[in-house]
Amino acid sequence: MNFSDLEALVGTELPDGSYLIEPEAHAKAVGAVHAEDYAFGVAHPVYAHVAPHCGMGWNLPEFFDMVGADMDSGVLFGEGDLTYHQPMLIGVDYLVRGHIASVERKRGSRAGVFDLVTLHLELVDPDNILIVVSDETYVFPRTAEAAS
Amino acid sequence: MTTIPPFVVPEVRIEDIVAVMDVMGDMNPVHVDEELVAELGLRGRVNQGPANIAYVMNMLIAWAGSPQAIRRIQMRFHSISCPGDRLEARGKVVELRETKNGESSNLGNRIMAHCDVELVRDGGEIILQGQAEVLLPASLATSLTTSAEAPDAD
């Protein structure tokens, strides 16, 4: 994908999505990251990434396809900025909305050409109260051919 | 400057990576495909970014006493972690500030700690670095502000 096509995607709204923090899945996730299942039904703060990312209106292949990348192209998570407005609760079905916030093309001496794509995602509760904001930036390696 | 007690992951395990993939529905093959990561020039199968962030969060939760204490966290990845790595989350307080009205949520806390945080592997390579804002329980806030105001012993 050439960069002007990528730049044209900035501002693109994702379809609304949703994410239910299931107790069993939460317990499995916190165990896998060496954490505890907390009392009072409050989710681990890493769910400020997990819930928006997993509940956004595109799945991963759709997102990669949108920005012209294959699943096996070595895409990595580059940056995250998580802001907490209200506690995330286990068992609540949250709405996820968002858009493509920015794109940037860079060239590294070892990594070659790569694009940084940032999604701005918001998790809101059934009463439309903002719970968390997640800005997540992904690194898309580009072959010289794909970057042209 | 106060150092936050570190959080250690003795060993990143592939079964934990697979468990996080399962929970997140993450189909990115860099987490499990050894041939692919070799082709891509990566040193191993890639532990999920959110797992690395969670280790830093675990440190902050243990220190501040509540998962709700973290109000913001910004992280940038410098490298990857892989199965077999020993990881250590580290942090230090760089500033204490009184919170504004409404910022303290429902915890009743009034002091926000601004912290530098990082995750390193095997005592050396930096996996990620960033900043966190953490609301402190009254007892911890009092001890930190008291120590910050105390005159030097010498």
# chains A, B, ... in the order shown; residues from 1 in each chain; ligands from 1
>>> interface_residues(of="chain A", to="chain B", cutoff="8 Å", atoms="only C-alpha atoms", output="ChimeraX atom specification")
/A:25-26,28-29,32-35,38,42-46,49-50,54,60,71-72,74-87
>>> write_last_selection(atoms="N, CA, C and O atoms", output="short mmCIF file (atom, residue, chain, number, x, y, z; two decimals), in the first residue's frame")
data_model
loop_
_atom_site.label_atom_id
_atom_site.label_comp_id
_atom_site.auth_asym_id
_atom_site.auth_seq_id
_atom_site.Cartn_x
_atom_site.Cartn_y
_atom_site.Cartn_z
N ALA A 25 -12.89 -16.18 31.06
CA ALA A 25 -11.82 -15.68 30.20
C ALA A 25 -10.92 -14.73 30.99
O ALA A 25 -9.69 -14.74 30.83
N HIS A 26 -11.53 -13.92 31.86
CA HIS A 26 -10.74 -13.00 32.68
C HIS A 26 -9.80 -13.78 33.59
O HIS A 26 -8.61 -13.45 33.70
N LYS A 28 -8.61 -16.74 33.15
CA LYS A 28 -7.56 -17.36 32.32
C LYS A 28 -6.49 -16.32 31.93
O LYS A 28 -5.29 -16.60 32.00
N ALA A 29 -6.95 -15.13 31.57
CA ALA A 29 -6.02 -14.08 31.15
C ALA A 29 -5.13 -13.63 32.30
O ALA A 29 -3.91 -13.51 32.14
N ALA A 32 -2.49 -16.07 33.09
CA ALA A 32 -1.43 -16.14 32.07
C ALA A 32 -0.47 -14.96 32.16
O ALA A 32 0.64 -15.03 31.62
N VAL A 33 -0.88 -13.86 32.81
CA VAL A 33 0.04 -12.72 32.96
C VAL A 33 0.53 -12.59 34.42
O VAL A 33 0.96 -11.54 34.85
N HIS A 34 0.42 -13.71 35.16
CA HIS A 34 0.96 -13.78 36.52
C HIS A 34 0.29 -12.78 37.46
O HIS A 34 0.94 -12.22 38.35
N ALA A 35 -1.00 -12.54 37.25
CA ALA A 35 -1.73 -11.60 38.10
C ALA A 35 -2.77 -12.35 38.92
O ALA A 35 -2.87 -13.58 38.86
N TYR A 38 -9.09 -10.13 40.96
CA TYR A 38 -9.34 -9.22 42.07
C TYR A 38 -10.76 -9.35 42.61
O TYR A 38 -11.67 -9.80 41.92
N VAL A 42 -13.83 -6.29 39.75
CA VAL A 42 -13.09 -5.31 38.95
C VAL A 42 -12.08 -6.04 38.07
O VAL A 42 -11.34 -6.91 38.55
N ALA A 43 -12.07 -5.70 36.79
CA ALA A 43 -11.15 -6.36 35.85
C ALA A 43 -9.73 -5.85 36.01
O ALA A 43 -9.50 -4.72 36.46
N HIS A 44 -8.78 -6.71 35.64
CA HIS A 44 -7.37 -6.29 35.61
C HIS A 44 -7.23 -5.11 34.65
O HIS A 44 -7.86 -5.10 33.59
N PRO A 45 -6.39 -4.13 35.02
CA PRO A 45 -6.28 -2.94 34.16
C PRO A 45 -5.78 -3.22 32.74
O PRO A 45 -5.97 -2.38 31.86
N VAL A 46 -5.19 -4.39 32.50
CA VAL A 46 -4.77 -4.69 31.13
C VAL A 46 -5.98 -4.83 30.21
O VAL A 46 -5.87 -4.72 28.99
N HIS A 49 -6.72 -2.46 27.45
CA HIS A 49 -6.27 -2.78 26.08
C HIS A 49 -7.10 -3.94 25.51
O HIS A 49 -7.57 -3.86 24.38
N VAL A 50 -7.25 -4.98 26.30
CA VAL A 50 -7.88 -6.21 25.79
C VAL A 50 -9.31 -5.94 25.31
O VAL A 50 -9.69 -6.35 24.20
N CYS A 54 -10.20 -6.26 21.44
CA CYS A 54 -10.95 -7.46 21.04
C CYS A 54 -12.38 -7.13 20.65
O CYS A 54 -13.01 -7.88 19.90
N LEU A 60 -8.89 -8.77 13.65
CA LEU A 60 -7.49 -8.50 13.29
C LEU A 60 -7.24 -8.64 11.78
O LEU A 60 -6.63 -7.74 11.18
N MET A 71 -1.39 -11.26 7.49
CA MET A 71 -1.29 -11.73 8.87
C MET A 71 0.12 -12.21 9.21
O MET A 71 0.53 -12.16 10.37
N ASP A 72 0.86 -12.69 8.21
CA ASP A 72 2.20 -13.24 8.51
C ASP A 72 3.31 -12.24 8.19
O ASP A 72 4.45 -12.63 7.96
N GLY A 74 4.52 -10.01 10.20
CA GLY A 74 5.32 -9.65 11.37
C GLY A 74 4.87 -8.38 12.06
O GLY A 74 5.69 -7.65 12.63
N VAL A 75 3.58 -8.11 12.05
CA VAL A 75 3.05 -6.90 12.70
C VAL A 75 3.24 -7.01 14.21
O VAL A 75 2.99 -8.06 14.81
N LEU A 76 3.71 -5.91 14.81
CA LEU A 76 3.94 -5.89 16.26
C LEU A 76 3.24 -4.70 16.90
O LEU A 76 2.97 -3.68 16.25
N PHE A 77 2.95 -4.85 18.18
CA PHE A 77 2.36 -3.78 18.99
C PHE A 77 3.49 -2.83 19.37
O PHE A 77 4.47 -3.24 20.00
N GLY A 78 3.37 -1.55 19.01
CA GLY A 78 4.48 -0.63 19.22
C GLY A 78 4.33 0.28 20.43
O GLY A 78 5.29 0.50 21.17
N GLU A 79 3.14 0.83 20.62
CA GLU A 79 2.92 1.76 21.74
C GLU A 79 1.49 1.63 22.24
O GLU A 79 0.58 1.27 21.47
N GLY A 80 1.30 1.93 23.51
CA GLY A 80 -0.04 1.95 24.08
C GLY A 80 -0.18 3.11 25.04
O GLY A 80 0.77 3.46 25.75
N ASP A 81 -1.33 3.73 25.02
CA ASP A 81 -1.64 4.84 25.95
C ASP A 81 -3.04 4.58 26.48
O ASP A 81 -4.02 4.72 25.74
N LEU A 82 -3.13 4.18 27.74
CA LEU A 82 -4.40 3.77 28.33
C LEU A 82 -4.81 4.76 29.42
O LEU A 82 -4.02 5.03 30.33
N THR A 83 -6.01 5.29 29.31
CA THR A 83 -6.51 6.24 30.30
C THR A 83 -7.79 5.68 30.91
O THR A 83 -8.71 5.28 30.18
N TYR A 84 -7.82 5.66 32.23
CA TYR A 84 -8.93 5.05 32.98
C TYR A 84 -9.85 6.13 33.52
O TYR A 84 -9.42 6.97 34.29
N HIS A 85 -11.11 6.06 33.13
CA HIS A 85 -12.09 7.03 33.64
C HIS A 85 -12.98 6.42 34.72
O HIS A 85 -13.36 7.09 35.67
N GLN A 86 -13.33 5.15 34.53
CA GLN A 86 -14.17 4.43 35.49
C GLN A 86 -13.65 2.99 35.56
O GLN A 86 -13.06 2.49 34.60
N PRO A 87 -13.91 2.28 36.65
CA PRO A 87 -13.47 0.87 36.74
C PRO A 87 -14.15 0.02 35.67
O PRO A 87 -15.32 0.22 35.34
#
>>> select_by_dssp(residues="chain A", states="helix (DSSP H, G or I)", output="number ranges by chain")
A: 3-7, 23-32, 39-41, 47-55, 60-66, 144-147
>>> closest_residue(among="A:Val139, A:Met56, A:Ile21, A:Val117", to="A:Val92", atoms="only C-alpha atoms")
A:Ile21
>>> atom_distance(atom1="atom CA of A:Leu119", atom2="atom CA of A:Ser4")
17.8 Å
>>> residues_around(residues="A:Leu130", least_positions_apart="4", cutoff="10 Å", atoms="only C-alpha atoms", output="PDB file with C-alpha atoms, in the first residue's frame")
ATOM      1  CA  TYR A  84      -8.929   5.048  32.975  1.00  0.00           C
ATOM      2  CA  HIS A  85     -12.087   7.034  33.641  1.00  0.00           C
ATOM      3  CA  GLN A  86     -14.165   4.427  35.493  1.00  0.00           C
ATOM      4  CA  TYR A  94     -19.270  -2.730  26.862  1.00  0.00           C
ATOM      5  CA  LEU A  95     -19.598  -0.827  23.603  1.00  0.00           C
ATOM      6  CA  GLU A 122     -13.121   4.052  23.525  1.00  0.00           C
ATOM      7  CA  LEU A 123     -14.889   1.654  25.844  1.00  0.00           C
ATOM      8  CA  VAL A 124     -18.290   2.906  27.041  1.00  0.00           C
ATOM      9  CA  ASP A 125     -20.798   1.242  29.307  1.00  0.00           C
ATOM     10  CA  PRO A 126     -24.465   0.512  28.474  1.00  0.00           C
TER      11      PRO A 126
END
>>> select_by_dssp(residues="chain A", states="strand (DSSP E)", output="ChimeraX atom specification")
/A:17-20,76-84,93-108,112-124,130-141
>>> residues_around(residues="B:Arg110", least_positions_apart="4", cutoff="8 Å", atoms="only C-alpha atoms", output="PyMOL selection string")
chain B and resi 98-99+104+135-136+138
>>> residues_around(residues="A:Phe63", least_positions_apart="4", cutoff="12 Å", atoms="only C-alpha atoms", output="VMD selection string")
(chain A and resid 9 12 to 15 53 to 54 56 to 59 67 to 71 75 99 to 100 117 to 119 138 140) or (chain B and resid 28)
>>> closest_residue(among="A:Ser102, A:Arg142, A:Gly108, A:Val96", to="A:Asn128", atoms="only C-alpha atoms")
A:Val96
>>> closest_residue(among="A:Pro141, A:Gly91, A:Gly98, A:Gly17", to="A:Val113", atoms="only C-alpha atoms")
A:Pro141
>>> atom_distance(atom1="atom CA of A:Leu6", atom2="atom CA of A:Val133")
23.4 Å
>>> residues_around(residues="B:Gly124", least_positions_apart="4", cutoff="10 Å", atoms="only C-alpha atoms", output="list in words")
Leu87, Glu88, Leu119 and Val120 of chain B
>>> residues_around(residues="B:Arg90", least_positions_apart="3", cutoff="6 Å", atoms="only C-alpha atoms", output="number ranges by chain")
B: 6, 117-118
>>> atom_distance(atom1="atom CA of B:Glu125", atom2="atom CA of B:Leu60")
20.8 Å
>>> closest_residue(among="B:Cys115, B:Gly65, B:Arg97, B:Ser139", to="A:Ala39", atoms="only C-alpha atoms")
B:Gly65
